[in-house]
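> Have a look at this one before I ask anything.
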Amino acid sequence: MRIAVVGLGYIGSVSCGCLPHIGHAVIGVDIDSHKVAALKEGRPPVLEAGLATLVAEAHEEGRLTATNNIEAAIEASDVALVCVATPSRPDGGADDSQLVAAIESIGRAVRASARGEYAVIVRSTCLPDVHERLQAILAEASGLSYDRGLGYASNPEFLREGSAVEDFFAPPKIVFGARGVVAEDACRALYAGIDAETFFMDPGAAALVKYADNYYHAVKVTFGNEMGMLCQQLGVDPYAVMDVFCKDRKLNISARYLRPGAPFGGSCLPKDVRALSHVSRTTDVPLKMLQGVDASNRCQIDRLVARIEAAEPVAVGFIGLSFKEGTPDLRESPFLEMLRRLVASGRKVRVYDPLLSQVTRGADHDPLAELRPHLDDDLGALTEACDYLVVTQKLGGEVWDGLRINGHHRLLDLTADDGLRRFGRYEELYR
Ligand SMILES: NC(=O)c1ccc[n+]([C@@H]2O[C@H](COP(=O)([O-])OP(=O)(O)OC[C@H]3O[C@@H](n4cnc5c(N)ncnc54)[C@H](O)[C@@H]3O)[C@@H](O)[C@H]2O)c1
């Protein structure tokens with residue numbers, strides 16, 4: 001493909017050096033004449049390991065040139081790869097002015113070239129609403145439509161400065177959010193030959209994969225540092241602790257606990273998070289992220305109760321009440337707290353949780369005394385009595401097989417599982 005790389009900073013320069021090596025002809029564009037001049041002479045505008053050689057080779061072979069004239073670049077290309085900056089504004093929001101200006105100028109140049117087909121792929125990091133606006137700006141400025149001729153895609157960048165060239169040829173993944181067939185075709189051709197798992201999504205979702213990565217990486221660094229402070233305070237070697245922590249690939253370094261779903265609860269997590277928060281508060285070790293964990297979890301519970309209340313159900317049925325599947329343990333179950341709050345606000349509430357019915361009364365104490373008036377023996381009785389069902393457990397698949405609902409029911413799925421999709425009237429927490 002003939003590619004115009006718009007913006008010759010880190011991302012643009014690395015793209016200019018690497019794309020010719022997988023068969024593309026590249027023309028770099030920037031408003032900064034120094035960067036354009038460097039590339040024209042076969043020198044990379046930024047310092048990055050391995051880039052100088054790649055740029056020099058591509059330049060010598062005639063597969064890399066540069067210009068500060070966007071019209072000339074669009075005329076000489078089939079696809080624009082937009083790599084301009086999206087820095088922070090003083091209020092913390094991302095400044096999209098470079099992106100808007102670049103997309104407008106590309107759109108106008110496409111119109112001026114009178115071509116019937118062009119694709120724009122945005123590598124810059126920006127939020128979904130910005131992608132929406134950019135698509136509209138591009139269509140307006142170019143005079144083309146996404147049904148005929150115009151393509152737009154987000155293609156977030158996952159390479160790291162310092163090892164950017166290496167990452168370009170071996171990325172952790174390739175993600176596209178493409179709109180229009182022209183964009184899809186361009187995306188498929190862009191990294192042909194690079195071996196990486198590739199995902200096609202909508203532009204906004206693709207953009208948020210990038211933010212999810214960076215948020216998570218920031219959380220990981222902060223977690224490591226907070227563990228360091230905590231260990232130091234308690235006289236323990238943090239490296240020894242974290243080395244063993246990272247060896248656990250089942251629960252720690254894995255996809256476990258990462259799917260959006262219910263709040264956490266149970267006999268351990270809340271209590272142990274509280275204990276560490278207490279250490280932080282009483283010793284002045286500033287574990288700010290840790291202290292936010294409990295508050296964030298409580299917000300989840302508030303949000304769920306508010307969502308159920310907003311539906312104004314006649315009766316709410318909990319399918320599973322213990323903090324997780326496979327145990328009748330109700331200690332700090334977030335669902336028990338939800339039940340209490342709904343009951344306190346006057347809602348009728350029923351519960352179906354087969355393991356709870358096996359909990360026996362003590363001689364002078366019934367651990368389920370508070371709950372007995374709400375318990376149902378089977379799923380059928382519960383669904384008959386309730387119009388709003390909160391599914392917190394799959395119950396070993398029984399829910400999927402045994403649930404009989406009609407148009408009168410609403411379902412709220414907190415299982416972080418896809419099983420309930422088969423039911424028509426179904427809402428997930430985050431959809
Ligand atoms: N740097 C990284 O490691 C990295 C990694 C992943 C994603 N990103 C994202 O990639 C984007 C680019 O980052 P960067 O670090 O390469 O930025 P940068 O600041 O190094 O470079 C941006 C370039 O765009 C040029 N530019 C601005 N407006 C232009 C226009 N209208 N036409 C042509 N050129 C124009 C600027 O002159 C500059 O050379 C950002 O959104 C960033 O968040 C960066």
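Chains: A, B, ... in order of the structure tokens. Residues: from 1 per chain. Ligands: from 1, in order shown.
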Show me which residues line ligand 1, defined as having an atom within 9 Å of a ligand atom where only C-alpha atoms and all ligand atoms count, and present them as a ChimeraX atom specification.
/A:5-14,28-33,35,45-46,68-70,82-87,94,96-106,122-126,156-162,164,210
> Could you give me, as a VMD selection string, the residues within 6 Å of A:Thr392, counting only C-alpha atoms and dropping anything in the same chain fewer than 2 positions from it?
chain A and resid 319 to 320 414 to 415
> Using only C-alpha atoms, determine which residues lie at most 10 Å from A:Ser280, disregarding the query and same-chain residues fewer than 3 positions distant; provide the list as a VMD selection string.
chain A and resid 226 229 to 230 233 274 to 277 283 to 288 290 to 291
> Within 8 Å of A:Ala49, counting only C-alpha atoms, which residues show up once you throw out same-chain ones fewer than 2 positions away? Write them as JSON, numbers by chain, please.
{"A": [47, 51, 52, 162, 163, 164, 165]}
> Produce a file of the selected residues containing N, CA, C and O atoms, as a PDB file, in the first residue's frame.

```pdb
ATOM      1  N   LEU A  47      14.961   9.633  18.365  1.00  0.00           N
ATOM      2  CA  LEU A  47      15.947   8.604  18.713  1.00  0.00           C
ATOM      3  C   LEU A  47      15.213   7.360  19.201  1.00  0.00           C
ATOM      4  O   LEU A  47      14.424   7.433  20.142  1.00  0.00           O
ATOM      5  N   LEU A  51      16.109   2.302  14.849  1.00  0.00           N
ATOM      6  CA  LEU A  51      15.314   3.046  13.862  1.00  0.00           C
ATOM      7  C   LEU A  51      16.173   3.684  12.773  1.00  0.00           C
ATOM      8  O   LEU A  51      15.777   3.720  11.602  1.00  0.00           O
ATOM      9  N   ALA A  52      17.362   4.188  13.162  1.00  0.00           N
ATOM     10  CA  ALA A  52      18.208   4.894  12.187  1.00  0.00           C
ATOM     11  C   ALA A  52      18.519   3.996  10.987  1.00  0.00           C
ATOM     12  O   ALA A  52      18.412   4.416   9.833  1.00  0.00           O
ATOM     13  N   GLY A 162      11.679   3.040  23.520  1.00  0.00           N
ATOM     14  CA  GLY A 162      12.868   2.313  23.974  1.00  0.00           C
ATOM     15  C   GLY A 162      12.977   0.969  23.285  1.00  0.00           C
ATOM     16  O   GLY A 162      14.076   0.500  22.986  1.00  0.00           O
ATOM     17  N   SER A 163      11.807   0.323  23.056  1.00  0.00           N
ATOM     18  CA  SER A 163      11.837  -0.951  22.324  1.00  0.00           C
ATOM     19  C   SER A 163      10.758  -0.917  21.247  1.00  0.00           C
ATOM     20  O   SER A 163      10.164  -1.942  20.903  1.00  0.00           O
ATOM     21  N   ALA A 164      10.532   0.300  20.706  1.00  0.00           N
ATOM     22  CA  ALA A 164       9.416   0.502  19.780  1.00  0.00           C
ATOM     23  C   ALA A 164       9.573  -0.287  18.484  1.00  0.00           C
ATOM     24  O   ALA A 164       8.602  -0.848  17.979  1.00  0.00           O
ATOM     25  N   VAL A 165      10.800  -0.347  17.957  1.00  0.00           N
ATOM     26  CA  VAL A 165      10.999  -1.063  16.691  1.00  0.00           C
ATOM     27  C   VAL A 165      10.749  -2.555  16.900  1.00  0.00           C
ATOM     28  O   VAL A 165      10.022  -3.204  16.138  1.00  0.00           O
TER      29      VAL A 165
END
```
> In Å, with one decimal, what is the gap from atom CA of A:Thr360 to atom CA of A:Met338?
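Between atom CA of A:Thr360 and atom CA of A:Met338 the gap works out to 23.5 Å.
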> So which residues touch A:Glu75 within 8 Å, counting only C-alpha atoms, skipping near sequence neighbours fewer than 5 positions away, as a PyMOL selection string?
chain A and resi 109-110+113
> Take the selection from the previous step and output its residues with C-alpha atoms, as an mmCIF file, in the first residue's frame.

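Output below, filename again_3.cif:
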```
data_model
loop_
_atom_site.group_PDB
_atom_site.id
_atom_site.type_symbol
_atom_site.label_atom_id
_atom_site.label_comp_id
_atom_site.auth_asym_id
_atom_site.auth_seq_id
_atom_site.Cartn_x
_atom_site.Cartn_y
_atom_site.Cartn_z
ATOM 1 C CA ALA A 109 -7.046 17.076 0.646
ATOM 2 C CA VAL A 110 -9.106 13.991 -0.241
ATOM 3 C CA SER A 113 -7.777 15.202 -5.073
#
```
> Based on the backbone DSSP call, show me all residues of stretch 101-257 of chain A assigned strand (DSSP E), as a VMD selection string.
chain A and resid 118 to 122 150 to 154 174 to 179 198 to 201
> Near stretch 217-220 of chain A, within 12 Å and counting only C-alpha atoms, which residues show up once chain neighbours fewer than 3 positions away are dropped, as a PyMOL selection string?
chain A and resi 158+210-214+223-227+242+246+252-253+288-290+293
> Quick one: distance from atom CA of A:Gly228 to atom CA of A:Gly261 in Å, one decimal?
29.1 Å
> Using only C-alpha atoms, which residue out of A:His59, A:Phe168, A:Ala369, A:Tyr191 lies closest to A:Met1?
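Of A:His59, A:Phe168, A:Ala369, A:Tyr191, the one nearest A:Met1, counting only C-alpha atoms, is A:Tyr191.
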> Find the spatial neighbours of stretch 312-315 of chain A, counting only C-alpha atoms, within a cut-off of 7 Å - ignore same-chain residues fewer than 5 positions away - and output them as number ranges by chain.
A: 347-349, 385-388
> Write to file, as a tab-separated table (two decimals), in the first residue's frame, the residues of the selection just made, with C-alpha atoms.

```tsv
chain	number	residue	atom	x	y	z
A	347	ARG	CA	-39.18	-4.15	48.63
A	348	LYS	CA	-40.40	-7.73	48.66
A	349	VAL	CA	-37.30	-9.94	48.28
A	385	ALA	CA	-42.98	-14.71	42.89
A	386	CYS	CA	-40.58	-12.14	41.43
A	387	ASP	CA	-40.52	-9.82	38.45
A	388	TYR	CA	-36.88	-8.73	38.85
```
> I need the helix (DSSP H, G or I) residues of stretch 161-343 of chain A per DSSP on the backbone, written as number ranges by chain.
A: 164-169, 181-190, 203-233, 238-247, 269-283, 288-310, 334-343
> Those residues with C-alpha atoms, as a CSV table (one decimal), in the first residue's frame please?

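Once everything was written out, this is again-v8.csv:
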```
chain,number,residue,atom,x,y,z
A,164,ALA,CA,9.4,0.5,19.8
A,165,VAL,CA,11.0,-1.1,16.7
A,166,GLU,CA,11.1,-4.5,18.3
A,167,ASP,CA,7.5,-4.1,19.4
A,168,PHE,CA,6.4,-3.0,15.9
A,169,PHE,CA,7.5,-6.3,14.5
A,181,VAL,CA,-15.1,-1.8,3.8
A,182,VAL,CA,-12.3,0.4,2.5
A,183,ALA,CA,-11.0,0.8,6.1
A,184,GLU,CA,-11.3,-3.0,6.8
A,185,ASP,CA,-9.3,-3.8,3.6
A,186,ALA,CA,-6.7,-1.2,4.5
A,187,CYS,CA,-6.4,-2.6,8.0
A,188,ARG,CA,-5.9,-6.1,6.8
A,189,ALA,CA,-3.2,-5.1,4.5
A,190,LEU,CA,-1.4,-2.7,6.9
A,203,PRO,CA,-13.7,2.2,16.8
A,204,GLY,CA,-14.7,3.2,20.3
A,205,ALA,CA,-14.1,-0.3,21.8
A,206,ALA,CA,-10.7,-0.5,20.1
A,207,ALA,CA,-9.8,2.9,21.5
A,208,LEU,CA,-10.8,1.7,25.0
A,209,VAL,CA,-8.6,-1.4,24.8
A,210,LYS,CA,-5.7,1.0,24.7
A,211,TYR,CA,-6.9,3.0,27.7
A,212,ALA,CA,-7.6,-0.3,29.6
A,213,ASP,CA,-4.0,-1.3,28.9
A,214,ASN,CA,-2.6,1.9,30.2
A,215,TYR,CA,-4.9,2.1,33.2
A,216,TYR,CA,-4.0,-1.5,34.1
A,217,HIS,CA,-0.3,-0.9,33.6
A,218,ALA,CA,-0.4,2.1,35.9
A,219,VAL,CA,-2.4,0.1,38.5
A,220,LYS,CA,0.3,-2.7,38.3
A,221,VAL,CA,3.1,-0.2,38.9
A,222,THR,CA,1.2,1.4,41.7
A,223,PHE,CA,0.4,-2.0,43.3
A,224,GLY,CA,4.1,-3.0,43.1
A,225,ASN,CA,5.1,0.2,44.8
A,226,GLU,CA,2.4,0.1,47.4
A,227,MET,CA,3.5,-3.5,48.2
A,228,GLY,CA,7.1,-2.3,48.4
A,229,MET,CA,6.1,0.4,51.0
A,230,LEU,CA,4.0,-2.1,52.9
A,231,CYS,CA,6.7,-4.7,53.1
A,232,GLN,CA,9.3,-2.2,54.1
A,233,GLN,CA,7.1,-0.9,56.9
A,238,PRO,CA,9.3,-6.8,49.0
A,239,TYR,CA,11.3,-8.5,46.2
A,240,ALA,CA,10.9,-11.9,47.8
A,241,VAL,CA,7.2,-11.4,48.3
A,242,MET,CA,6.5,-10.1,44.8
A,243,ASP,CA,8.6,-12.8,43.2
A,244,VAL,CA,6.4,-15.5,44.7
A,245,PHE,CA,3.3,-13.4,44.0
A,246,CYS,CA,4.2,-13.4,40.3
A,247,LYS,CA,4.8,-17.1,40.2
A,269,LEU,CA,-11.0,-10.0,50.7
A,270,PRO,CA,-12.9,-7.2,52.6
A,271,LYS,CA,-11.4,-8.1,56.0
A,272,ASP,CA,-7.8,-8.3,54.6
A,273,VAL,CA,-8.1,-5.2,52.5
A,274,ARG,CA,-9.3,-3.4,55.7
A,275,ALA,CA,-6.4,-4.8,57.7
A,276,LEU,CA,-3.9,-3.4,55.3
A,277,SER,CA,-5.7,-0.1,55.1
A,278,HIS,CA,-5.5,0.0,58.9
A,279,VAL,CA,-1.7,-0.5,58.7
A,280,SER,CA,-1.5,2.3,56.2
A,281,ARG,CA,-3.5,4.7,58.3
A,282,THR,CA,-1.8,3.9,61.6
A,283,THR,CA,1.7,4.0,60.3
A,288,LYS,CA,-3.6,5.6,48.5
A,289,MET,CA,-4.7,3.0,45.9
A,290,LEU,CA,-5.4,0.4,48.6
A,291,GLN,CA,-7.4,2.9,50.6
A,292,GLY,CA,-9.6,3.5,47.5
A,293,VAL,CA,-10.3,-0.2,47.0
A,294,ASP,CA,-13.0,-0.5,49.7
A,295,ALA,CA,-14.6,2.8,48.7
A,296,SER,CA,-14.8,1.7,45.1
A,297,ASN,CA,-16.3,-1.6,46.0
A,298,ARG,CA,-19.0,0.1,48.2
A,299,CYS,CA,-19.8,2.3,45.2
A,300,GLN,CA,-20.5,-0.8,43.2
A,301,ILE,CA,-23.0,-2.0,45.8
A,302,ASP,CA,-24.7,1.4,45.9
A,303,ARG,CA,-24.9,1.5,42.2
A,304,LEU,CA,-26.5,-2.0,42.0
A,305,VAL,CA,-29.1,-1.2,44.6
A,306,ALA,CA,-29.9,2.1,42.9
A,307,ARG,CA,-30.3,0.3,39.6
A,308,ILE,CA,-32.7,-2.3,41.0
A,309,GLU,CA,-34.7,0.4,42.8
A,310,ALA,CA,-34.9,2.5,39.6
A,334,PRO,CA,-22.4,-8.0,48.8
A,335,PHE,CA,-25.7,-9.6,47.8
A,336,LEU,CA,-26.8,-10.0,51.4
A,337,GLU,CA,-26.1,-6.3,51.9
A,338,MET,CA,-28.1,-5.5,48.8
A,339,LEU,CA,-31.0,-7.7,50.1
A,340,ARG,CA,-30.9,-5.9,53.4
A,341,ARG,CA,-31.1,-2.5,51.8
A,342,LEU,CA,-33.9,-3.5,49.5
A,343,VAL,CA,-35.9,-5.0,52.4
```
> Point out the residue among A:Val26, A:Leu379, A:Ala4, A:Val236 with the least atom-to-atom distance to A:Tyr352, counting only C-alpha atoms.
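Looking only at the distances to A:Tyr352, the closest residue turns out to be A:Leu379.
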> One decimal, Å: what's the distance from atom CA of A:Asn406 over to atom CA of A:Asp378, could you say?
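Interatomic distance, atom CA of A:Asn406 to atom CA of A:Asp378: 17.2 Å.
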